[in-house]
file entry38.txt (compact mmCIF, C-alpha atoms (C1' of nucleotides))
# COMPACT_ATOMS: atom_id res chain seq x y z
CA MET F 1 0.00 0.00 0.00
CA SER F 2 1.11 3.50 0.81
CA ASN F 3 0.68 5.58 -2.23
CA GLY F 4 3.07 5.32 -5.00
CA LEU F 5 -0.02 6.31 -6.93
CA PRO F 6 0.89 7.17 -10.48
CA MET F 7 -2.05 9.44 -11.14
CA LYS F 8 -2.42 11.71 -14.11
CA GLY F 9 -4.17 10.37 -17.10
CA LYS F 10 -7.86 10.70 -17.09
CA ARG F 11 -9.37 8.11 -14.89
CA THR F 12 -6.32 7.40 -12.84
CA ASP F 13 -4.29 4.36 -13.64
CA LEU F 14 -4.12 2.13 -10.60
CA SER F 15 -1.84 -0.52 -11.98
CA GLY F 16 1.64 -0.13 -10.60
CA VAL F 17 0.30 0.57 -7.18
CA HIS F 18 1.43 -1.62 -4.33
CA CYS F 19 -2.08 -2.26 -3.11
CA ALA F 20 -3.51 -5.54 -4.30
CA ILE F 21 -7.01 -4.24 -3.85
CA ALA F 22 -6.36 -1.41 -6.23
CA ARG F 23 -4.86 -3.80 -8.72
CA SER F 24 -7.84 -6.07 -8.57
CA LEU F 25 -10.21 -3.19 -9.02
CA GLU F 26 -8.21 -2.02 -11.97
CA ILE F 27 -9.20 -5.20 -13.77
CA VAL F 28 -12.54 -6.02 -12.35
CA GLY F 29 -13.72 -2.89 -10.63
CA ASP F 30 -15.90 -1.34 -13.26
CA TRP F 31 -19.62 -1.28 -13.67
CA TRP F 32 -20.08 -4.36 -15.78
CA SER F 33 -17.18 -6.74 -15.45
CA LEU F 34 -18.21 -8.39 -12.23
CA LEU F 35 -21.74 -8.81 -13.48
CA ILE F 36 -20.49 -10.45 -16.62
CA ILE F 37 -18.36 -12.72 -14.53
CA ARG F 38 -21.30 -13.46 -12.31
CA ASP F 39 -23.23 -14.56 -15.37
CA ALA F 40 -20.32 -16.68 -16.47
CA PHE F 41 -20.51 -18.48 -13.15
CA ARG F 42 -24.20 -18.94 -13.80
CA GLY F 43 -23.20 -20.82 -16.89
CA HIS F 44 -23.67 -18.17 -19.52
CA LYS F 45 -21.31 -18.54 -22.41
CA ARG F 46 -22.60 -16.79 -25.47
CA PHE F 47 -22.72 -13.16 -26.40
CA GLY F 48 -26.46 -13.18 -26.66
CA GLU F 49 -26.91 -14.71 -23.26
CA PHE F 50 -24.88 -12.01 -21.61
CA HIS F 51 -26.59 -9.40 -23.65
CA LYS F 52 -30.06 -10.50 -22.76
CA SER F 53 -29.24 -11.00 -19.14
CA LEU F 54 -27.48 -7.70 -18.60
CA GLY F 55 -29.25 -5.44 -21.03
CA LEU F 56 -26.21 -3.36 -21.72
CA ALA F 57 -25.31 -1.96 -25.11
CA LYS F 58 -23.71 -4.46 -27.42
CA ASN F 59 -20.67 -2.40 -28.09
CA ILE F 60 -19.95 -2.17 -24.42
CA LEU F 61 -20.49 -5.83 -23.88
CA SER F 62 -18.15 -6.47 -26.73
CA ALA F 63 -15.51 -4.23 -25.22
CA ARG F 64 -15.86 -5.74 -21.78
CA LEU F 65 -15.62 -9.26 -23.05
CA LYS F 66 -12.46 -8.34 -24.88
CA LYS F 67 -11.03 -6.77 -21.79
CA LEU F 68 -11.79 -9.84 -19.74
CA VAL F 69 -10.28 -12.08 -22.35
CA ASP F 70 -7.18 -9.92 -22.44
CA ALA F 71 -6.97 -10.18 -18.69
CA GLN F 72 -7.21 -13.95 -19.04
CA ILE F 73 -10.31 -14.11 -16.95
CA LEU F 74 -12.33 -15.45 -19.81
CA SER F 75 -11.11 -17.48 -22.72
CA VAL F 76 -12.74 -17.75 -26.09
CA GLU F 77 -13.62 -20.96 -27.78
CA ALA F 78 -14.51 -20.56 -31.40
CA ASP F 79 -17.68 -22.34 -32.34
CA ALA F 80 -17.47 -23.61 -35.88
CA GLU F 81 -21.18 -23.92 -36.53
CA SER F 82 -22.65 -20.73 -35.23
CA ALA F 83 -19.81 -18.44 -36.22
CA SER F 84 -19.98 -17.37 -32.63
CA HIS F 85 -17.74 -17.67 -29.64
CA ARG F 86 -18.08 -19.21 -26.29
CA TYR F 87 -16.69 -17.31 -23.39
CA VAL F 88 -15.65 -19.51 -20.54
CA LEU F 89 -13.98 -18.79 -17.27
CA THR F 90 -10.31 -19.58 -17.00
CA PRO F 91 -8.86 -20.77 -13.71
CA LYS F 92 -7.92 -17.18 -13.01
CA GLY F 93 -11.51 -16.23 -13.63
CA GLU F 94 -12.82 -19.03 -11.48
CA SER F 95 -10.71 -17.80 -8.62
CA LEU F 96 -12.82 -14.66 -8.54
CA HIS F 97 -15.56 -16.70 -7.01
CA PRO F 98 -14.82 -15.74 -3.41
CA ILE F 99 -15.15 -12.09 -4.33
CA LEU F 100 -18.57 -12.64 -5.80
CA VAL F 101 -19.68 -14.67 -2.85
CA ALA F 102 -18.47 -11.98 -0.49
CA LEU F 103 -20.36 -9.36 -2.46
CA TRP F 104 -23.42 -11.53 -2.48
CA GLN F 105 -23.32 -12.14 1.23
CA TRP F 106 -22.88 -8.50 2.02
CA GLY F 107 -25.69 -7.50 -0.27
CA GLU F 108 -27.91 -10.17 1.14
CA GLU F 109 -27.40 -8.80 4.60
CA HIS F 110 -27.55 -5.11 3.89
CA CYS F 111 -29.32 -4.35 0.66
CA PHE F 112 -32.75 -5.88 0.98
CA GLU F 113 -35.85 -4.72 2.74
CA GLY F 114 -38.02 -7.23 4.51
CA ASP F 115 -39.08 -9.89 2.10
CA GLU F 116 -37.36 -8.68 -1.04
CA LEU F 117 -34.59 -11.21 -0.91
CA LYS F 118 -35.58 -14.15 -3.05
CA PHE F 119 -32.46 -16.26 -3.27
CA VAL F 120 -29.64 -17.36 -1.09
CA MET F 121 -26.30 -18.81 -2.02
CA ALA F 122 -26.34 -22.38 -0.95
CA ASP F 123 -24.33 -25.52 -0.97
CA ALA F 124 -25.65 -27.40 -3.98
CA VAL F 125 -25.34 -30.73 -2.28
CA GLN F 126 -27.11 -30.12 0.95
CA GLY F 127 -29.14 -27.08 0.03
CA LYS F 128 -28.01 -25.17 3.04
CA ALA F 129 -26.81 -21.60 3.03
CA LEU F 130 -23.07 -21.11 2.94
CA LEU F 131 -21.06 -20.11 5.89
CA LYS F 132 -20.41 -16.44 5.93
CA MET F 133 -16.95 -15.92 4.53
CA GLN F 134 -14.71 -14.22 7.02
CA PRO F 135 -11.04 -13.50 7.26
CA THR F 136 -9.49 -16.30 9.23
CA SER F 137 -6.06 -16.94 10.64
CA GLN F 138 -4.16 -20.07 9.83
CA ASP F 139 -5.17 -21.55 13.11
CA GLY F 140 -8.81 -20.90 12.44
CA ARG F 141 -9.59 -17.76 14.40
CA VAL F 142 -12.05 -15.41 12.76
CA LEU F 143 -10.34 -12.06 12.53
CA ARG F 144 -11.90 -8.69 12.99
CA PRO F 145 -10.70 -5.90 10.72
CA ARG F 146 -8.38 -4.58 13.36
CA ASP F 147 -6.82 -7.98 13.78
CA VAL F 148 -5.69 -7.93 10.19
CA ARG F 149 -2.61 -6.01 9.12
CA LEU F 150 -0.53 -5.57 6.07
CA LEU F 151 2.92 -6.87 6.74
CA PRO F 152 6.00 -6.77 4.56
CA ARG F 153 5.95 -9.87 2.50
CA ASN F 154 9.02 -11.42 4.02
CA ALA F 155 7.96 -10.85 7.56
CA ALA F 156 4.91 -13.01 7.18
CA ALA F 157 4.50 -16.61 6.25
CA ILE F 158 3.62 -16.30 2.62
CA SER F 159 1.98 -19.58 1.93
CA HIS F 160 -1.75 -19.47 1.98
CA ALA F 161 -2.43 -22.70 3.69
CA SER F 162 -5.63 -24.11 2.35
CA ARG F 163 -8.31 -24.83 4.85
CA GLU F 164 -7.61 -28.52 4.52
CA SER F 165 -4.06 -28.27 5.63
CA ILE F 166 -4.66 -26.92 9.08
CA GLY F 167 -5.35 -28.96 12.11
CA ARG F 168 -8.50 -28.34 14.04
CA ARG F 169 -8.72 -24.85 15.42
CA LYS F 170 -7.80 -24.42 19.01
CA THR F 171 -8.26 -20.97 20.42
CA GLY F 172 -11.43 -19.15 21.17
CA ALA F 173 -12.32 -17.11 18.14
CA THR F 174 -12.88 -13.41 18.14
CA ARG F 175 -16.51 -12.75 17.87
CA SER F 176 -17.76 -10.92 14.83
CA MET R 1 -31.12 -13.34 -9.82
CA SER R 2 -32.74 -13.73 -13.21
CA ASN R 3 -33.11 -10.36 -14.70
CA GLY R 4 -35.81 -8.15 -13.55
CA LEU R 5 -33.33 -5.52 -14.58
CA PRO R 6 -34.94 -2.10 -14.60
CA MET R 7 -32.58 -0.52 -17.10
CA LYS R 8 -33.13 2.77 -18.78
CA GLY R 9 -31.69 5.81 -17.25
CA LYS R 10 -28.18 6.57 -18.17
CA ARG R 11 -25.86 4.31 -16.28
CA THR R 12 -28.41 1.68 -15.49
CA ASP R 13 -29.95 1.56 -12.09
CA LEU R 14 -29.24 -1.78 -10.50
CA SER R 15 -31.17 -1.31 -7.31
CA GLY R 16 -34.40 -3.21 -7.42
CA VAL R 17 -32.73 -6.16 -8.99
CA HIS R 18 -32.99 -9.50 -7.25
CA CYS R 19 -29.28 -10.14 -7.42
CA ALA R 20 -27.45 -9.28 -4.25
CA ILE R 21 -24.22 -8.85 -6.13
CA ALA R 22 -25.76 -6.19 -8.31
CA ARG R 23 -27.14 -4.47 -5.27
CA SER R 24 -23.80 -4.45 -3.57
CA LEU R 25 -22.12 -3.09 -6.63
CA GLU R 26 -24.72 -0.40 -6.86
CA ILE R 27 -23.44 0.98 -3.59
CA VAL R 28 -19.84 0.08 -3.59
CA GLY R 29 -19.02 -0.85 -7.14
CA ASP R 30 -17.58 2.36 -8.46
CA TRP R 31 -14.04 3.46 -8.97
CA TRP R 32 -13.37 5.06 -5.65
CA SER R 33 -15.68 3.81 -2.97
CA LEU R 34 -13.86 0.62 -2.18
CA LEU R 35 -10.56 2.41 -2.06
CA ILE R 36 -11.96 4.95 0.34
CA ILE R 37 -13.28 2.14 2.45
CA ARG R 38 -9.94 0.41 2.29
CA ASP R 39 -8.36 3.55 3.65
CA ALA R 40 -10.97 3.72 6.36
CA PHE R 41 -9.92 0.25 7.42
CA ARG R 42 -6.36 1.48 7.43
CA GLY R 43 -7.47 3.97 10.03
CA HIS R 44 -7.92 7.04 7.90
CA LYS R 45 -10.59 9.34 9.21
CA ARG R 46 -10.15 12.83 7.90
CA PHE R 47 -10.84 14.35 4.55
CA GLY R 48 -7.25 15.29 4.05
CA GLU R 49 -6.00 11.84 4.80
CA PHE R 50 -8.20 10.32 2.17
CA HIS R 51 -7.33 13.05 -0.22
CA LYS R 52 -3.63 12.65 0.15
CA SER R 53 -3.75 8.91 0.04
CA LEU R 54 -5.97 8.61 -2.99
CA GLY R 55 -5.05 11.68 -4.95
CA LEU R 56 -8.50 12.12 -6.38
CA ALA R 57 -10.16 15.48 -6.91
CA LYS R 58 -11.63 16.99 -3.80
CA ASN R 59 -15.07 17.42 -5.20
CA ILE R 60 -15.23 13.77 -6.05
CA LEU R 61 -13.94 12.73 -2.70
CA SER R 62 -16.56 14.93 -1.15
CA ALA R 63 -19.28 13.35 -3.23
CA ARG R 64 -18.12 9.84 -2.51
CA LEU R 65 -17.91 10.43 1.20
CA LYS R 66 -21.43 11.77 1.14
CA LYS R 67 -22.64 8.79 -0.76
CA LEU R 68 -21.01 6.43 1.69
CA VAL R 69 -22.46 8.31 4.61
CA ASP R 70 -25.89 8.18 3.01
CA ALA R 71 -25.46 4.46 2.54
CA GLN R 72 -24.59 4.22 6.22
CA ILE R 73 -21.22 2.75 5.50
CA LEU R 74 -19.46 5.67 7.06
CA SER R 75 -20.72 7.91 9.78
CA VAL R 76 -19.62 11.43 10.45
CA GLU R 77 -18.42 12.69 13.75
CA ALA R 78 -18.19 16.43 13.94
CA ASP R 79 -14.94 17.62 15.38
CA ALA R 80 -15.45 20.81 17.32
CA GLU R 81 -11.89 22.07 17.21
CA SER R 82 -10.84 21.57 13.67
CA ALA R 83 -14.16 22.42 12.06
CA SER R 84 -13.65 19.17 10.28
CA HIS R 85 -15.32 15.82 10.32
CA ARG R 86 -14.20 12.37 11.10
CA TYR R 87 -15.45 9.62 8.90
CA VAL R 88 -15.61 6.31 10.63
CA LEU R 89 -16.85 2.94 9.54
CA THR R 90 -20.23 1.88 10.81
CA PRO R 91 -20.89 -1.78 11.53
CA LYS R 92 -22.36 -2.03 8.06
CA GLY R 93 -19.15 -0.60 6.73
CA GLU R 94 -17.02 -2.90 8.80
CA SER R 95 -18.84 -5.85 7.38
CA LEU R 96 -17.37 -5.01 4.00
CA HIS R 97 -14.09 -6.32 5.24
CA PRO R 98 -14.43 -9.79 3.71
CA ILE R 99 -14.95 -8.22 0.31
CA LEU R 100 -11.75 -6.24 0.60
CA VAL R 101 -9.83 -9.23 1.82
CA ALA R 102 -11.15 -11.29 -1.07
CA LEU R 103 -10.10 -8.60 -3.50
CA TRP R 104 -6.73 -8.38 -1.88
CA GLN R 105 -6.14 -12.09 -2.00
CA TRP R 106 -7.12 -12.33 -5.62
CA GLY R 107 -4.93 -9.40 -6.56
CA GLU R 108 -2.07 -10.81 -4.59
CA GLU R 109 -2.28 -14.02 -6.54
CA HIS R 110 -2.92 -12.67 -9.99
CA CYS R 111 -1.84 -9.09 -10.34
CA PHE R 112 1.81 -9.02 -9.45
CA GLU R 113 4.89 -9.96 -11.38
CA GLY R 114 7.75 -11.68 -9.66
CA ASP R 115 8.87 -9.60 -6.76
CA GLU R 116 6.49 -6.68 -7.04
CA LEU R 117 4.30 -7.74 -4.20
CA LYS R 118 5.47 -5.98 -1.09
CA PHE R 119 2.80 -6.71 1.48
CA VAL R 120 0.61 -9.54 2.55
CA MET R 121 -2.50 -9.50 4.64
CA ALA R 122 -1.63 -11.11 7.88
CA ASP R 123 -2.99 -12.00 11.24
CA ALA R 124 -1.84 -9.16 13.45
CA VAL R 125 -1.27 -11.42 16.41
CA GLN R 126 0.86 -14.11 14.89
CA GLY R 127 2.10 -12.33 11.83
CA LYS R 128 1.12 -15.14 9.55
CA ALA R 129 -0.71 -14.75 6.27
CA LEU R 130 -4.44 -15.29 6.40
CA LEU R 131 -6.12 -18.35 5.15
CA LYS R 132 -7.43 -17.90 1.69
CA MET R 133 -11.10 -17.09 2.00
CA GLN R 134 -13.20 -19.63 0.20
CA PRO R 135 -16.86 -20.42 0.02
CA THR R 136 -17.53 -23.09 2.59
CA SER R 137 -20.52 -25.19 3.46
CA GLN R 138 -21.91 -25.30 6.94
CA ASP R 139 -20.14 -28.55 7.58
CA GLY R 140 -16.85 -27.11 6.50
CA ARG R 141 -16.37 -28.32 2.96
CA VAL R 142 -14.68 -25.87 0.62
CA LEU R 143 -17.00 -25.42 -2.30
CA ARG R 144 -16.04 -24.98 -5.89
CA PRO R 145 -18.09 -22.56 -7.96
CA ARG R 146 -20.17 -25.34 -9.41
CA ASP R 147 -20.99 -26.60 -5.95
CA VAL R 148 -22.64 -23.31 -5.12
CA ARG R 149 -26.16 -22.54 -6.28
CA LEU R 150 -28.72 -19.89 -5.78
CA LEU R 151 -31.72 -21.39 -4.11
CA PRO R 152 -35.07 -19.84 -3.30
CA ARG R 153 -34.75 -18.35 0.09
CA ASN R 154 -37.22 -20.65 1.76
CA ALA R 155 -35.74 -23.80 0.36
CA ALA R 156 -32.43 -23.23 2.06
CA ALA R 157 -31.49 -22.83 5.66
CA ILE R 158 -31.24 -19.10 5.93
CA SER R 159 -29.11 -18.68 8.98
CA HIS R 160 -25.50 -18.02 8.30
CA ALA R 161 -23.95 -20.12 10.97
CA SER R 162 -20.77 -18.47 12.05
CA ARG R 163 -17.66 -20.49 11.81
CA GLU R 164 -17.65 -20.92 15.56
CA SER R 165 -20.98 -22.62 15.67
CA ILE R 166 -20.08 -25.62 13.61
CA GLY R 167 -18.47 -28.72 14.91
CA ARG R 168 -15.20 -29.82 13.45
CA ARG R 169 -15.45 -30.59 9.79
CA LYS R 170 -15.86 -34.14 8.82
CA THR R 171 -15.85 -34.87 5.14
CA GLY R 172 -13.01 -34.69 2.71
CA ALA R 173 -13.07 -31.28 1.18
CA THR R 174 -13.29 -30.55 -2.48
CA ARG R 175 -9.93 -29.50 -3.67
CA SER R 176 -9.62 -26.06 -5.07
C1' DC M 1 -6.82 22.83 7.03
C1' DT M 2 -11.88 21.27 5.41
C1' DG M 3 -14.54 21.25 2.51
C1' DT M 4 -17.94 23.39 -1.38
C1' DA M 5 -18.95 25.42 -5.90
C1' DT M 6 -17.86 26.05 -10.67
C1' DC M 7 -16.11 25.02 -14.99
C1' DC M 8 -14.14 21.99 -18.43
C1' DT M 9 -12.69 17.68 -20.52
C1' DT M 10 -13.13 13.08 -21.75
C1' DA M 11 -14.36 8.60 -21.72
C1' DA M 12 -17.94 5.45 -20.56
C1' DA M 13 -22.52 4.17 -21.68
C1' DG M 14 -26.66 4.05 -24.83
C1' DA M 15 -28.97 3.81 -29.46
C1' DT M 16 -28.89 2.36 -33.87
C1' DA M 17 -27.34 0.87 -38.22
C1' DC M 18 -24.76 -2.38 -40.44
C1' DT M 19 -21.78 -6.73 -41.79
C1' DG M 20 -20.80 -11.90 -41.75
C1' DC V 1 -27.78 -14.71 -34.09
C1' DA V 2 -23.03 -12.61 -33.17
C1' DG V 3 -20.61 -8.96 -33.31
C1' DT V 4 -18.52 -4.25 -35.23
C1' DA V 5 -18.77 0.59 -36.40
C1' DT V 6 -20.61 5.19 -35.64
C1' DC V 7 -22.81 8.80 -33.47
C1' DT V 8 -24.67 11.13 -29.48
C1' DT V 9 -25.38 11.75 -24.76
C1' DT V 10 -24.14 12.41 -20.00
C1' DA V 11 -22.11 11.88 -16.00
C1' DA V 12 -17.75 10.94 -13.86
C1' DG V 13 -13.43 12.81 -13.08
C1' DG V 14 -9.99 16.63 -12.79
C1' DA V 15 -8.41 21.59 -11.94
C1' DT V 16 -8.98 25.50 -9.63
C1' DA V 17 -10.91 29.14 -7.11
C1' DC V 18 -13.19 30.14 -3.09
C1' DA V 19 -15.55 29.98 1.79
C1' DG V 20 -15.78 28.53 6.90

call {"tool": "encode", "arguments": {"input": "entry38.txt", "output": "structure tokens"}}
result
Amino acid sequence: MSNGLPMKGKRTDLSGVHCAIARSLEIVGDWWSLLIIRDAFRGHKRFGEFHKSLGLAKNILSARLKKLVDAQILSVEADAESASHRYVLTPKGESLHPILVALWQWGEEHCFEGDELKFVMADAVQGKALLKMQPTSQDGRVLRPRDVRLLPRNAAAISHASRESIGRRKTGATRS
Amino acid sequence: MSNGLPMKGKRTDLSGVHCAIARSLEIVGDWWSLLIIRDAFRGHKRFGEFHKSLGLAKNILSARLKKLVDAQILSVEADAESASHRYVLTPKGESLHPILVALWQWGEEHCFEGDELKFVMADAVQGKALLKMQPTSQDGRVLRPRDVRLLPRNAAAISHASRESIGRRKTGATRS
DNA sequence: CTGTATCCTTAAAGATACTG
DNA sequence: CAGTATCTTTAAGGATACAG
């Protein structure tokens, strides 16, 4: 973090900044990209599907799809028959899933009045709502914002242990 | 989900849509809001701090702060002495933390070349990197995108059990 | 030092027509 | 149906001057 912001150049170029959040937003932080990606997770693949679902202008959709392909979030598969393409999520694109889930969960909690909320994100197998995603330490404590810091890369254990690799959690967790 | 998109009206109004992601983005999905919120998590409180850190025009910063206050993500505390305000995160604002962490983790993994990455998000107590946040079922299985579905609200258990409330996980987890 | 008000520029978004 | 090419609109972003 700490601003080595480049600035200057209509609409502020955030690439080059140390902050990973800014870098992510640079790629995926505009009006439509995340919604397109959401639709891709829903299984949409063709131009027309995105277009119908999102209702945005075709030129914009076209531009966004290109941008996402350039960023290697989507890849294109030519479709011989229909002279069309299929846009499918790459692994890099698939790894955006936690961001969408986090957005969904926040919206679910804060952006609906009374009975407006019609759907919940659920485990497809058991049909139960997901756990709320929360920042968690390697030993399984849920961390409040103030318990999370940015540390110089070398000072901290870099490996992101996957949830599988940790033993059962031991300490009392901080309450959210 | 499934588009009851309202549309029409320069820059497409997403409120009113069933999709919680769209609703979240409506509030927080623009160029600057999430960066302002990031700074708020960093402890920034005053106009000038945000301004210096972000380098955006003051009128825009002003507008964004207002918008975030209206959305009850920030609250304003008048500061008698300095004739200034302090902008502090409300609980609703604090609950955006998982979104920022998810963005950070994705950016960390995908938006840096070689040695560019200088900081990692770490547990302040132990100084170790956080677990990667991943969608998880109530019994602790990490879920791949295709294992997550939107279900009608009533069909799924609505409560978001907190991580504390579940027993130790039992089944082999799906590998990411 | 905090912010607001004003003006100007530009690029993002929409509409529509058009090509394969 | 899938996309590209133009044209127009408009609001977001920047610069700067100004007020409490």

call {"tool": "atom_distance", "arguments": {"input": "entry38.txt", "atom1": "atom CA of F:Leu131", "atom2": "atom CA of F:Leu150"}}
result
25.2 Å

call {"tool": "residues_around", "arguments": {"input": "entry38.txt", "residues": "stretch 3-17 of chain V", "least_positions_apart": "4", "cutoff": "9 Å", "atoms": "all atoms listed in the file", "output": "count of residues only"}}
result
29

call {"tool": "atom_distance", "arguments": {"input": "entry38.txt", "atom1": "atom CA of F:Ala124", "atom2": "atom CA of R:Pro145"}}
result
9.8 Å

call {"tool": "residues_around", "arguments": {"input": "entry38.txt", "residues": "F:Gly93", "least_positions_apart": "2", "cutoff": "12 Å", "atoms": "only C-alpha atoms (C1' of nucleotides)", "output": "VMD selection string"}}
result
(chain F and resid 24 27 to 28 33 to 34 36 to 41 68 to 75 87 to 91 95 to 100) or (chain R and resid 106 to 107 109 to 110 145)

call {"tool": "atom_distance", "arguments": {"input": "entry38.txt", "atom1": "atom CA of F:Glu108", "atom2": "atom CA of R:Leu65"}}
result
22.9 Å

call {"tool": "axis_aligned_box", "arguments": {"input": "entry38.txt", "around": "stretch 121-136 of chain R", "padding_each_side": "4 Å", "output": "AutoDock Vina command-line options"}}
result
--center_x -7.7 --center_y -16.1 --center_z 8.2 --size_x 27.6 --size_y 21.9 --size_z 24.4
